[in-house]
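Quick look at my_file-v4.pdb (PDB, C-alpha atoms):
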ATOM      1  CA  MET R  19      47.428 -18.616  13.874  1.00  0.00           C
ATOM      2  CA  LYS R  20      45.129 -15.937  12.464  1.00  0.00           C
ATOM      3  CA  SER R  21      44.314 -12.922  14.548  1.00  0.00           C
ATOM      4  CA  PHE R  22      40.858 -12.653  16.084  1.00  0.00           C
ATOM      5  CA  ALA R  23      40.087  -9.656  13.851  1.00  0.00           C
ATOM      6  CA  ALA R  24      40.981 -11.640  10.718  1.00  0.00           C
ATOM      7  CA  ARG R  25      38.806 -14.577  11.740  1.00  0.00           C
ATOM      8  CA  VAL R  26      35.901 -12.216  12.414  1.00  0.00           C
ATOM      9  CA  GLU R  27      36.392 -10.537   9.033  1.00  0.00           C
ATOM     10  CA  GLU R  28      36.215 -13.916   7.281  1.00  0.00           C
ATOM     11  CA  GLU R  29      32.664 -14.324   8.533  1.00  0.00           C
ATOM     12  CA  ARG R  30      31.523 -11.062   6.964  1.00  0.00           C
ATOM     13  CA  PRO R  31      30.144 -12.522   3.677  1.00  0.00           C
ATOM     14  CA  TYR R  32      28.112 -15.113   5.555  1.00  0.00           C
ATOM     15  CA  LEU R  33      26.758 -12.482   7.930  1.00  0.00           C
ATOM     16  CA  VAL R  34      25.808 -10.091   5.115  1.00  0.00           C
ATOM     17  CA  ARG R  35      23.883 -12.879   3.414  1.00  0.00           C
ATOM     18  CA  TYR R  36      22.161 -13.724   6.672  1.00  0.00           C
ATOM     19  CA  ALA R  37      21.184 -10.100   7.314  1.00  0.00           C
ATOM     20  CA  SER R  38      20.065  -9.484   3.723  1.00  0.00           C
ATOM     21  CA  LEU R  39      17.674 -12.384   3.908  1.00  0.00           C
ATOM     22  CA  GLN R  40      15.883 -10.785   6.813  1.00  0.00           C
ATOM     23  CA  LEU R  41      16.178  -7.108   6.011  1.00  0.00           C
ATOM     24  CA  ARG R  42      15.610  -7.342   2.204  1.00  0.00           C
ATOM     25  CA  ASP R  43      17.811  -4.303   1.836  1.00  0.00           C
ATOM     26  CA  SER R  44      21.504  -4.731   1.041  1.00  0.00           C
ATOM     27  CA  HIS R  45      22.561  -1.357   2.454  1.00  0.00           C
ATOM     28  CA  ALA R  46      20.744  -1.921   5.721  1.00  0.00           C
ATOM     29  CA  ALA R  47      22.234  -5.449   5.854  1.00  0.00           C
ATOM     30  CA  GLU R  48      25.797  -4.213   5.391  1.00  0.00           C
ATOM     31  CA  ASP R  49      25.268  -1.536   8.025  1.00  0.00           C
ATOM     32  CA  ALA R  50      23.915  -4.069  10.508  1.00  0.00           C
ATOM     33  CA  VAL R  51      26.869  -6.398   9.891  1.00  0.00           C
ATOM     34  CA  GLN R  52      29.318  -3.542  10.276  1.00  0.00           C
ATOM     35  CA  GLU R  53      27.768  -2.619  13.627  1.00  0.00           C
ATOM     36  CA  ALA R  54      27.873  -6.258  14.704  1.00  0.00           C
ATOM     37  CA  LEU R  55      31.535  -6.682  13.754  1.00  0.00           C
ATOM     38  CA  VAL R  56      32.555  -3.526  15.570  1.00  0.00           C
ATOM     39  CA  ALA R  57      30.719  -4.754  18.657  1.00  0.00           C
ATOM     40  CA  ALA R  58      32.338  -8.185  18.285  1.00  0.00           C
ATOM     41  CA  LEU R  59      35.864  -6.789  18.113  1.00  0.00           C
ATOM     42  CA  ALA R  60      35.186  -4.620  21.139  1.00  0.00           C
ATOM     43  CA  GLY R  61      33.840  -7.649  22.989  1.00  0.00           C
ATOM     44  CA  GLU R  62      36.544 -10.159  22.123  1.00  0.00           C
ATOM     45  CA  ALA R  63      36.957 -11.031  25.778  1.00  0.00           C
ATOM     46  CA  SER R  64      33.390 -12.307  26.033  1.00  0.00           C
ATOM     47  CA  PHE R  65      34.075 -14.748  23.175  1.00  0.00           C
ATOM     48  CA  ALA R  66      36.901 -16.407  25.064  1.00  0.00           C
ATOM     49  CA  GLY R  67      36.144 -20.039  25.706  1.00  0.00           C
ATOM     50  CA  ARG R  68      33.303 -20.347  23.207  1.00  0.00           C
ATOM     51  CA  SER R  69      33.894 -22.769  20.381  1.00  0.00           C
ATOM     52  CA  ASN R  70      31.909 -21.426  17.465  1.00  0.00           C
ATOM     53  CA  LEU R  71      32.761 -17.966  16.232  1.00  0.00           C
ATOM     54  CA  ARG R  72      29.987 -17.893  13.597  1.00  0.00           C
ATOM     55  CA  THR R  73      27.290 -18.723  16.151  1.00  0.00           C
ATOM     56  CA  TRP R  74      28.574 -16.063  18.500  1.00  0.00           C
ATOM     57  CA  LEU R  75      28.732 -13.420  15.737  1.00  0.00           C
ATOM     58  CA  THR R  76      25.265 -14.334  14.490  1.00  0.00           C
ATOM     59  CA  GLY R  77      23.926 -13.819  17.990  1.00  0.00           C
ATOM     60  CA  ILE R  78      25.315 -10.286  18.028  1.00  0.00           C
ATOM     61  CA  LEU R  79      24.059  -9.645  14.504  1.00  0.00           C
ATOM     62  CA  LYS R  80      20.504 -10.656  15.432  1.00  0.00           C
ATOM     63  CA  HIS R  81      20.315  -7.750  17.838  1.00  0.00           C
ATOM     64  CA  LYS R  82      21.578  -5.369  15.165  1.00  0.00           C
ATOM     65  CA  ILE R  83      19.011  -6.718  12.694  1.00  0.00           C
ATOM     66  CA  VAL R  84      16.190  -6.100  15.148  1.00  0.00           C
ATOM     67  CA  ASP R  85      17.490  -2.559  15.641  1.00  0.00           C
ATOM     68  CA  ALA R  86      17.519  -2.044  11.862  1.00  0.00           C
ATOM     69  CA  ILE R  87      13.967  -3.361  11.483  1.00  0.00           C
ATOM     70  CA  ARG R  88      12.803  -0.950  14.165  1.00  0.00           C
ATOM     71  CA  ARG R  89      14.525   1.922  12.404  1.00  0.00           C
ATOM     72  CA  MET R  90      12.905   0.938   9.105  1.00  0.00           C
ATOM     73  CA  ALA R  91       9.466   0.758  10.705  1.00  0.00           C
ATOM     74  CA  ARG R  92       9.917   4.212  12.202  1.00  0.00           C
ATOM     75  CA  ASP R  93      10.836   5.625   8.832  1.00  0.00           C
ATOM     76  CA  PRO R  94       8.382   4.045   6.400  1.00  0.00           C
ATOM     77  CA  GLU R  95       8.139   4.846   2.722  1.00  0.00           C
ATOM     78  CA  PRO R  96       6.104   8.025   2.472  1.00  0.00           C
ATOM     79  CA  VAL R  97       2.514   7.360   1.475  1.00  0.00           C
ATOM     80  CA  PRO R  98       1.468   9.361  -1.572  1.00  0.00           C
ATOM     81  CA  ASP R  99      -0.381  12.538  -0.847  1.00  0.00           C
ATOM     82  CA  VAL R 100      -4.139  12.166  -0.640  1.00  0.00           C
ATOM     83  CA  ALA R 101      -4.663  15.813   0.192  1.00  0.00           C
ATOM     84  CA  GLU R 102      -6.869  16.227  -2.873  1.00  0.00           C
ATOM     85  CA  LEU R 103      -9.307  13.838  -1.190  1.00  0.00           C
ATOM     86  CA  ASP R 104      -9.521  16.054   1.871  1.00  0.00           C
ATOM     87  CA  ALA R 105     -11.545  18.512  -0.169  1.00  0.00           C
ATOM     88  CA  LEU R 106     -14.271  15.875  -0.592  1.00  0.00           C
ATOM     89  CA  PHE R 107     -14.875  15.549   3.155  1.00  0.00           C
ATOM     90  CA  ASP R 108     -15.258  17.997   6.006  1.00  0.00           C
ATOM     91  CA  GLU R 109     -13.125  17.804   9.150  1.00  0.00           C
ATOM     92  CA  THR R 110     -15.488  15.258  10.730  1.00  0.00           C
ATOM     93  CA  GLY R 111     -15.183  12.971   7.690  1.00  0.00           C
ATOM     94  CA  HIS R 112     -18.632  13.703   6.243  1.00  0.00           C
ATOM     95  CA  TRP R 113     -19.153  14.276   2.536  1.00  0.00           C
ATOM     96  CA  VAL R 114     -19.005  17.932   1.509  1.00  0.00           C
ATOM     97  CA  ASP R 115     -21.094  17.036  -1.519  1.00  0.00           C
ATOM     98  CA  ALA R 116     -22.837  13.723  -0.835  1.00  0.00           C
ATOM     99  CA  PRO R 117     -23.091  11.277  -3.742  1.00  0.00           C
ATOM    100  CA  SER R 118     -26.541  10.360  -4.960  1.00  0.00           C
ATOM    101  CA  ALA R 119     -27.382   7.421  -7.198  1.00  0.00           C
ATOM    102  CA  TRP R 120     -26.405   7.770 -10.848  1.00  0.00           C
ATOM    103  CA  PRO R 121     -29.507   7.494 -13.048  1.00  0.00           C
ATOM    104  CA  ASP R 122     -29.620   4.339 -15.187  1.00  0.00           C
ATOM    105  CA  PRO R 123     -25.875   3.765 -15.305  1.00  0.00           C
ATOM    106  CA  ASP R 124     -26.227   0.607 -17.416  1.00  0.00           C
ATOM    107  CA  ASN R 125     -27.615   2.725 -20.207  1.00  0.00           C
ATOM    108  CA  SER R 126     -24.317   4.635 -20.194  1.00  0.00           C
ATOM    109  CA  LEU R 127     -22.440   1.427 -20.928  1.00  0.00           C
ATOM    110  CA  GLU R 128     -24.278   1.266 -24.265  1.00  0.00           C
ATOM    111  CA  GLN R 129     -23.063   4.698 -25.318  1.00  0.00           C
ATOM    112  CA  LYS R 130     -19.844   5.332 -27.195  1.00  0.00           C
ATOM    113  CA  GLN R 131     -19.723   8.853 -25.846  1.00  0.00           C
ATOM    114  CA  PHE R 132     -19.630   7.563 -22.276  1.00  0.00           C
ATOM    115  CA  PHE R 133     -16.454   5.612 -22.964  1.00  0.00           C
ATOM    116  CA  ALA R 134     -14.874   8.694 -24.539  1.00  0.00           C
ATOM    117  CA  VAL R 135     -15.550  10.568 -21.280  1.00  0.00           C
ATOM    118  CA  LEU R 136     -14.233   7.649 -19.217  1.00  0.00           C
ATOM    119  CA  GLU R 137     -11.000   7.596 -21.235  1.00  0.00           C
ATOM    120  CA  GLU R 138     -10.662  11.334 -20.790  1.00  0.00           C
ATOM    121  CA  CYS R 139     -11.089  10.891 -17.025  1.00  0.00           C
ATOM    122  CA  LEU R 140      -8.480   8.112 -16.955  1.00  0.00           C
ATOM    123  CA  ALA R 141      -6.063  10.308 -18.895  1.00  0.00           C
ATOM    124  CA  ARG R 142      -6.249  12.943 -16.159  1.00  0.00           C
ATOM    125  CA  LEU R 143      -4.968  10.557 -13.474  1.00  0.00           C
ATOM    126  CA  PRO R 144      -1.299  10.812 -12.461  1.00  0.00           C
ATOM    127  CA  ALA R 145       0.802   8.197 -14.295  1.00  0.00           C
ATOM    128  CA  LYS R 146       1.467   5.768 -11.459  1.00  0.00           C
ATOM    129  CA  THR R 147      -2.093   6.046 -10.177  1.00  0.00           C
ATOM    130  CA  ALA R 148      -3.412   5.197 -13.633  1.00  0.00           C
ATOM    131  CA  GLN R 149      -0.977   2.297 -14.042  1.00  0.00           C
ATOM    132  CA  ALA R 150      -2.049   0.762 -10.752  1.00  0.00           C
ATOM    133  CA  PHE R 151      -5.735   1.285 -11.466  1.00  0.00           C
ATOM    134  CA  MET R 152      -5.640  -0.172 -14.975  1.00  0.00           C
ATOM    135  CA  MET R 153      -3.600  -3.163 -13.860  1.00  0.00           C
ATOM    136  CA  ARG R 154      -6.208  -3.822 -11.206  1.00  0.00           C
ATOM    137  CA  GLU R 155      -9.495  -3.045 -12.926  1.00  0.00           C
ATOM    138  CA  HIS R 156      -8.779  -3.570 -16.592  1.00  0.00           C
ATOM    139  CA  MET R 157      -6.181  -6.332 -16.569  1.00  0.00           C
ATOM    140  CA  GLY R 158      -7.418  -7.954 -13.366  1.00  0.00           C
ATOM    141  CA  PHE R 159      -4.111  -8.246 -11.501  1.00  0.00           C
ATOM    142  CA  GLU R 160      -4.150  -8.899  -7.773  1.00  0.00           C
ATOM    143  CA  THR R 161      -2.823  -6.036  -5.674  1.00  0.00           C
ATOM    144  CA  ASP R 162       0.304  -7.873  -4.496  1.00  0.00           C
ATOM    145  CA  GLU R 163       1.345  -8.340  -8.124  1.00  0.00           C
ATOM    146  CA  ILE R 164       0.718  -4.654  -8.790  1.00  0.00           C
ATOM    147  CA  CYS R 165       2.830  -3.624  -5.790  1.00  0.00           C
ATOM    148  CA  LYS R 166       5.663  -5.791  -7.060  1.00  0.00           C
ATOM    149  CA  GLU R 167       5.488  -4.491 -10.622  1.00  0.00           C
ATOM    150  CA  LEU R 168       5.340  -0.855  -9.545  1.00  0.00           C
ATOM    151  CA  ALA R 169       7.890  -1.413  -6.772  1.00  0.00           C
ATOM    152  CA  VAL R 170       5.680   0.194  -4.134  1.00  0.00           C
ATOM    153  CA  THR R 171       4.644  -0.955  -0.665  1.00  0.00           C
ATOM    154  CA  PRO R 172       1.194  -2.534  -0.185  1.00  0.00           C
ATOM    155  CA  THR R 173       0.008   0.586   1.657  1.00  0.00           C
ATOM    156  CA  HIS R 174       1.129   2.795  -1.194  1.00  0.00           C
ATOM    157  CA  CYS R 175      -0.690   0.450  -3.564  1.00  0.00           C
ATOM    158  CA  TRP R 176      -4.021   0.718  -1.689  1.00  0.00           C
ATOM    159  CA  VAL R 177      -3.707   4.470  -1.688  1.00  0.00           C
ATOM    160  CA  LEU R 178      -3.066   4.615  -5.441  1.00  0.00           C
ATOM    161  CA  LEU R 179      -6.172   2.532  -6.137  1.00  0.00           C
ATOM    162  CA  TYR R 180      -8.310   4.482  -3.673  1.00  0.00           C
ATOM    163  CA  ARG R 181      -7.184   7.764  -5.121  1.00  0.00           C
ATOM    164  CA  ALA R 182      -7.879   6.572  -8.690  1.00  0.00           C
ATOM    165  CA  ARG R 183     -11.413   5.480  -7.800  1.00  0.00           C
ATOM    166  CA  MET R 184     -12.228   8.736  -6.010  1.00  0.00           C
ATOM    167  CA  ALA R 185     -10.869  10.840  -8.861  1.00  0.00           C
ATOM    168  CA  LEU R 186     -12.741   8.830 -11.508  1.00  0.00           C
ATOM    169  CA  ARG R 187     -15.979   9.079  -9.588  1.00  0.00           C
ATOM    170  CA  GLU R 188     -15.641  12.849  -9.339  1.00  0.00           C
ATOM    171  CA  CYS R 189     -14.724  13.128 -12.991  1.00  0.00           C
ATOM    172  CA  LEU R 190     -17.671  11.013 -14.181  1.00  0.00           C
ATOM    173  CA  GLN R 191     -20.034  12.858 -11.850  1.00  0.00           C
ATOM    174  CA  THR R 192     -18.999  16.197 -13.301  1.00  0.00           C
ATOM    175  CA  ASN R 193     -18.572  15.277 -16.931  1.00  0.00           C
ATOM    176  CA  TRP R 194     -21.187  12.596 -17.521  1.00  0.00           C
ATOM    177  CA  PHE R 195     -23.705  12.222 -14.708  1.00  0.00           C
ATOM    178  CA  LYS R 196     -24.192  15.943 -14.405  1.00  0.00           C
ATOM    179  CA  LYS R 197     -26.001  17.140 -11.382  1.00  0.00           C
TER     180      LYS R 197
ATOM    181  CA  MET T  12     -17.725   1.752  16.535  1.00  0.00           C
ATOM    182  CA  MET T  13     -19.065   4.370  14.134  1.00  0.00           C
ATOM    183  CA  ILE T  14     -16.893   5.237  11.172  1.00  0.00           C
ATOM    184  CA  SER T  15     -16.976   8.394   9.103  1.00  0.00           C
ATOM    185  CA  CYS T  16     -17.945   8.571   5.428  1.00  0.00           C
ATOM    186  CA  LYS T  17     -14.300   9.192   4.603  1.00  0.00           C
ATOM    187  CA  GLU T  18     -13.299   6.003   6.404  1.00  0.00           C
ATOM    188  CA  ALA T  19     -16.189   4.132   4.773  1.00  0.00           C
ATOM    189  CA  THR T  20     -15.034   5.084   1.268  1.00  0.00           C
ATOM    190  CA  ARG T  21     -11.544   3.834   2.087  1.00  0.00           C
ATOM    191  CA  LEU T  22     -12.975   0.488   3.223  1.00  0.00           C
ATOM    192  CA  VAL T  23     -15.222   0.225   0.154  1.00  0.00           C
ATOM    193  CA  SER T  24     -12.150   0.707  -2.029  1.00  0.00           C
ATOM    194  CA  GLN T  25     -10.085  -1.837  -0.083  1.00  0.00           C
ATOM    195  CA  GLY T  26     -12.992  -4.259  -0.250  1.00  0.00           C
ATOM    196  CA  LEU T  27     -12.696  -4.190  -4.034  1.00  0.00           C
ATOM    197  CA  ASP T  28      -9.097  -5.395  -3.765  1.00  0.00           C
ATOM    198  CA  ARG T  29      -9.124  -7.889  -0.921  1.00  0.00           C
ATOM    199  CA  LYS T  30     -11.395  -9.507   1.612  1.00  0.00           C
ATOM    200  CA  LEU T  31     -11.907  -7.117   4.522  1.00  0.00           C
ATOM    201  CA  GLY T  32     -11.288  -8.385   8.028  1.00  0.00           C
ATOM    202  CA  PRO T  33     -14.493  -9.249   9.925  1.00  0.00           C
ATOM    203  CA  TRP T  34     -14.278  -6.147  12.110  1.00  0.00           C
ATOM    204  CA  ALA T  35     -13.746  -3.753   9.204  1.00  0.00           C
ATOM    205  CA  TRP T  36     -16.445  -5.519   7.204  1.00  0.00           C
ATOM    206  CA  LEU T  37     -18.954  -5.193  10.056  1.00  0.00           C
ATOM    207  CA  ARG T  38     -18.209  -1.537  10.654  1.00  0.00           C
ATOM    208  CA  LEU T  39     -18.606  -0.805   6.953  1.00  0.00           C
ATOM    209  CA  ARG T  40     -21.934  -2.727   6.750  1.00  0.00           C
ATOM    210  CA  LEU T  41     -23.326  -0.802   9.727  1.00  0.00           C
ATOM    211  CA  HIS T  42     -22.291   2.484   8.180  1.00  0.00           C
ATOM    212  CA  LEU T  43     -23.866   1.622   4.813  1.00  0.00           C
ATOM    213  CA  LEU T  44     -27.129   0.665   6.550  1.00  0.00           C
ATOM    214  CA  ILE T  45     -27.619   4.210   7.739  1.00  0.00           C
ATOM    215  CA  CYS T  46     -25.799   6.209   5.050  1.00  0.00           C
ATOM    216  CA  ASP T  47     -27.469   6.725   1.661  1.00  0.00           C
ATOM    217  CA  ALA T  48     -24.546   8.714   0.292  1.00  0.00           C
ATOM    218  CA  CYS T  49     -21.999   5.968   0.946  1.00  0.00           C
ATOM    219  CA  SER T  50     -24.438   3.332  -0.337  1.00  0.00           C
ATOM    220  CA  ALA T  51     -24.723   5.285  -3.585  1.00  0.00           C
ATOM    221  CA  PHE T  52     -20.936   5.610  -3.603  1.00  0.00           C
ATOM    222  CA  THR T  53     -20.582   1.827  -3.259  1.00  0.00           C
ATOM    223  CA  ARG T  54     -22.851   1.212  -6.260  1.00  0.00           C
ATOM    224  CA  GLN T  55     -20.908   3.816  -8.232  1.00  0.00           C
ATOM    225  CA  MET T  56     -17.655   1.999  -7.489  1.00  0.00           C
ATOM    226  CA  ASP T  57     -19.168  -1.253  -8.776  1.00  0.00           C
ATOM    227  CA  PHE T  58     -20.269   0.574 -11.879  1.00  0.00           C
ATOM    228  CA  VAL T  59     -16.840   2.123 -12.472  1.00  0.00           C
ATOM    229  CA  ARG T  60     -15.329  -1.362 -12.232  1.00  0.00           C
ATOM    230  CA  ARG T  61     -17.753  -2.761 -14.824  1.00  0.00           C
ATOM    231  CA  ALA T  62     -17.216   0.224 -17.104  1.00  0.00           C
ATOM    232  CA  VAL T  63     -13.418  -0.027 -17.025  1.00  0.00           C
ATOM    233  CA  GLN T  64     -13.603  -3.760 -17.729  1.00  0.00           C
ATOM    234  CA  ARG T  65     -15.535  -2.954 -20.894  1.00  0.00           C
ATOM    235  CA  LEU T  66     -13.053  -0.400 -22.186  1.00  0.00           C
ATOM    236  CA  ARG T  67     -11.479  -1.475 -25.426  1.00  0.00           C
TER     237      ARG T  67
END
This entry written out as structure tokens:
Amino acid sequence: MKSFAARVEEERPYLVRYASLQLRDSHAAEDAVQEALVAALAGEASFAGRSNLRTWLTGILKHKIVDAIRRMARDPEPVPDVAELDALFDETGHWVDAPSAWPDPDNSLEQKQFFAVLEECLARLPAKTAQAFMMREHMGFETDEICKELAVTPTHCWVLLYRARMALRECLQTNWFKK
Amino acid sequence: MMISCKEATRLVSQGLDRKLGPWAWLRLRLHLLICDACSAFTRQMDFVRRAVQRLR
């Protein structure tokens, strides 16, 4: 008859698949399974008398998965820096330089020179910010598709789009709708 | 209840990408009612969207 340790080890591939499905991160899944198997081997006595090894192991693994999810939530993907936006607002969140209506903006849409300025403003955006913005506003993608394509979290995605809009507004204000 | 202009601009931007929750939507509407600067900002964002759609 196989040793307990060998029977536990045989369940590893199943457990990794189970953990991966929930954690969406193969490294985190393997770590969680490793922790679960170590705990299982240490707790062999508590398995005695139970019939289904897989069910018992999965029960231990669930706790490790929850631990991993908590760790992931505590250590989220860093959100891109929006420090450049801080200059637009004072410490109470009021505009430093309040926007006022742009005069006859539709007239600008008839002018070739306006689009040259707009392209120049777009060219000044950081690469990923510009990619996200153009996918959204020019190609009309939904944000969840953009997040997937750029491999960023939804929060990161909102920030990229927000940052692009703020930067473009500033750029157009300065270079086209002069004060 | 009151949000800052900074927070309002963030909500205006998010509102261009998804439907805001009722609470966020209400707070933004109340802010825009009393804030000319953010109202102008909102119209500018609509304009930027139209302009970028017309880029060739």
key: Distance-based interface of chain R with chain T, 9 Å, counting only C-alpha atoms, as a PyMOL selection string   = chain R and resi 103-104+106-108+110-113+116-120+123-124+126-127+133+136-137+152+154-158+160-161+176-177+179-180+183-184+186-187
ask   = stretch 53-55 of chain R: which residues within 12 Å, counting only C-alpha atoms, same-chain residues fewer than 3 positions away excluded, as a PyMOL selection string?
value = chain R and resi 22-31+33-34+37+46-50+58-62+71-72+74-86
Non-local contacts of T:Trp36 (10 Å; all atoms listed in the file; under 3 positions in same chain excluded) as a PDB file with C-alpha atoms, in the frame of the given file:
ATOM      1  CA  ALA T  19     -16.189   4.132   4.773  1.00  0.00           C
ATOM      2  CA  LEU T  22     -12.975   0.488   3.223  1.00  0.00           C
ATOM      3  CA  VAL T  23     -15.222   0.225   0.154  1.00  0.00           C
ATOM      4  CA  GLY T  26     -12.992  -4.259  -0.250  1.00  0.00           C
ATOM      5  CA  LYS T  30     -11.395  -9.507   1.612  1.00  0.00           C
ATOM      6  CA  LEU T  31     -11.907  -7.117   4.522  1.00  0.00           C
ATOM      7  CA  GLY T  32     -11.288  -8.385   8.028  1.00  0.00           C
ATOM      8  CA  PRO T  33     -14.493  -9.249   9.925  1.00  0.00           C
ATOM      9  CA  LEU T  39     -18.606  -0.805   6.953  1.00  0.00           C
ATOM     10  CA  ARG T  40     -21.934  -2.727   6.750  1.00  0.00           C
ATOM     11  CA  LEU T  41     -23.326  -0.802   9.727  1.00  0.00           C
ATOM     12  CA  HIS T  42     -22.291   2.484   8.180  1.00  0.00           C
TER      13      HIS T  42
END
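What separates atom CA of R:Arg88 from atom CA of R:Thr173 is a distance of 18.0 Å.
Of the residues listed (R:Lys146, R:Lys166, R:Arg68, R:Arg89), R:Lys146 shows the shortest atom-to-atom separation from R:Arg181; distances use all atoms listed in the file.
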Is it possible to get the axis-aligned box enclosing stretch 51-56 of chain T (all listed atoms, 5 Å extra per side) as JSON, with centre and edge lengths in Å rounded to one decimal?
{"center_x": -21.2, "center_y": 3.4, "center_z": -5.7, "size_x": 17.1, "size_y": 14.4, "size_z": 15.0}
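Taking atom CA of R:Tyr32 and atom CA of R:Thr73 as endpoints, the distance between them is 11.2 Å.
We find atom CA of R:Leu190 and atom CA of R:Phe132 to be spaced 9.0 Å apart.
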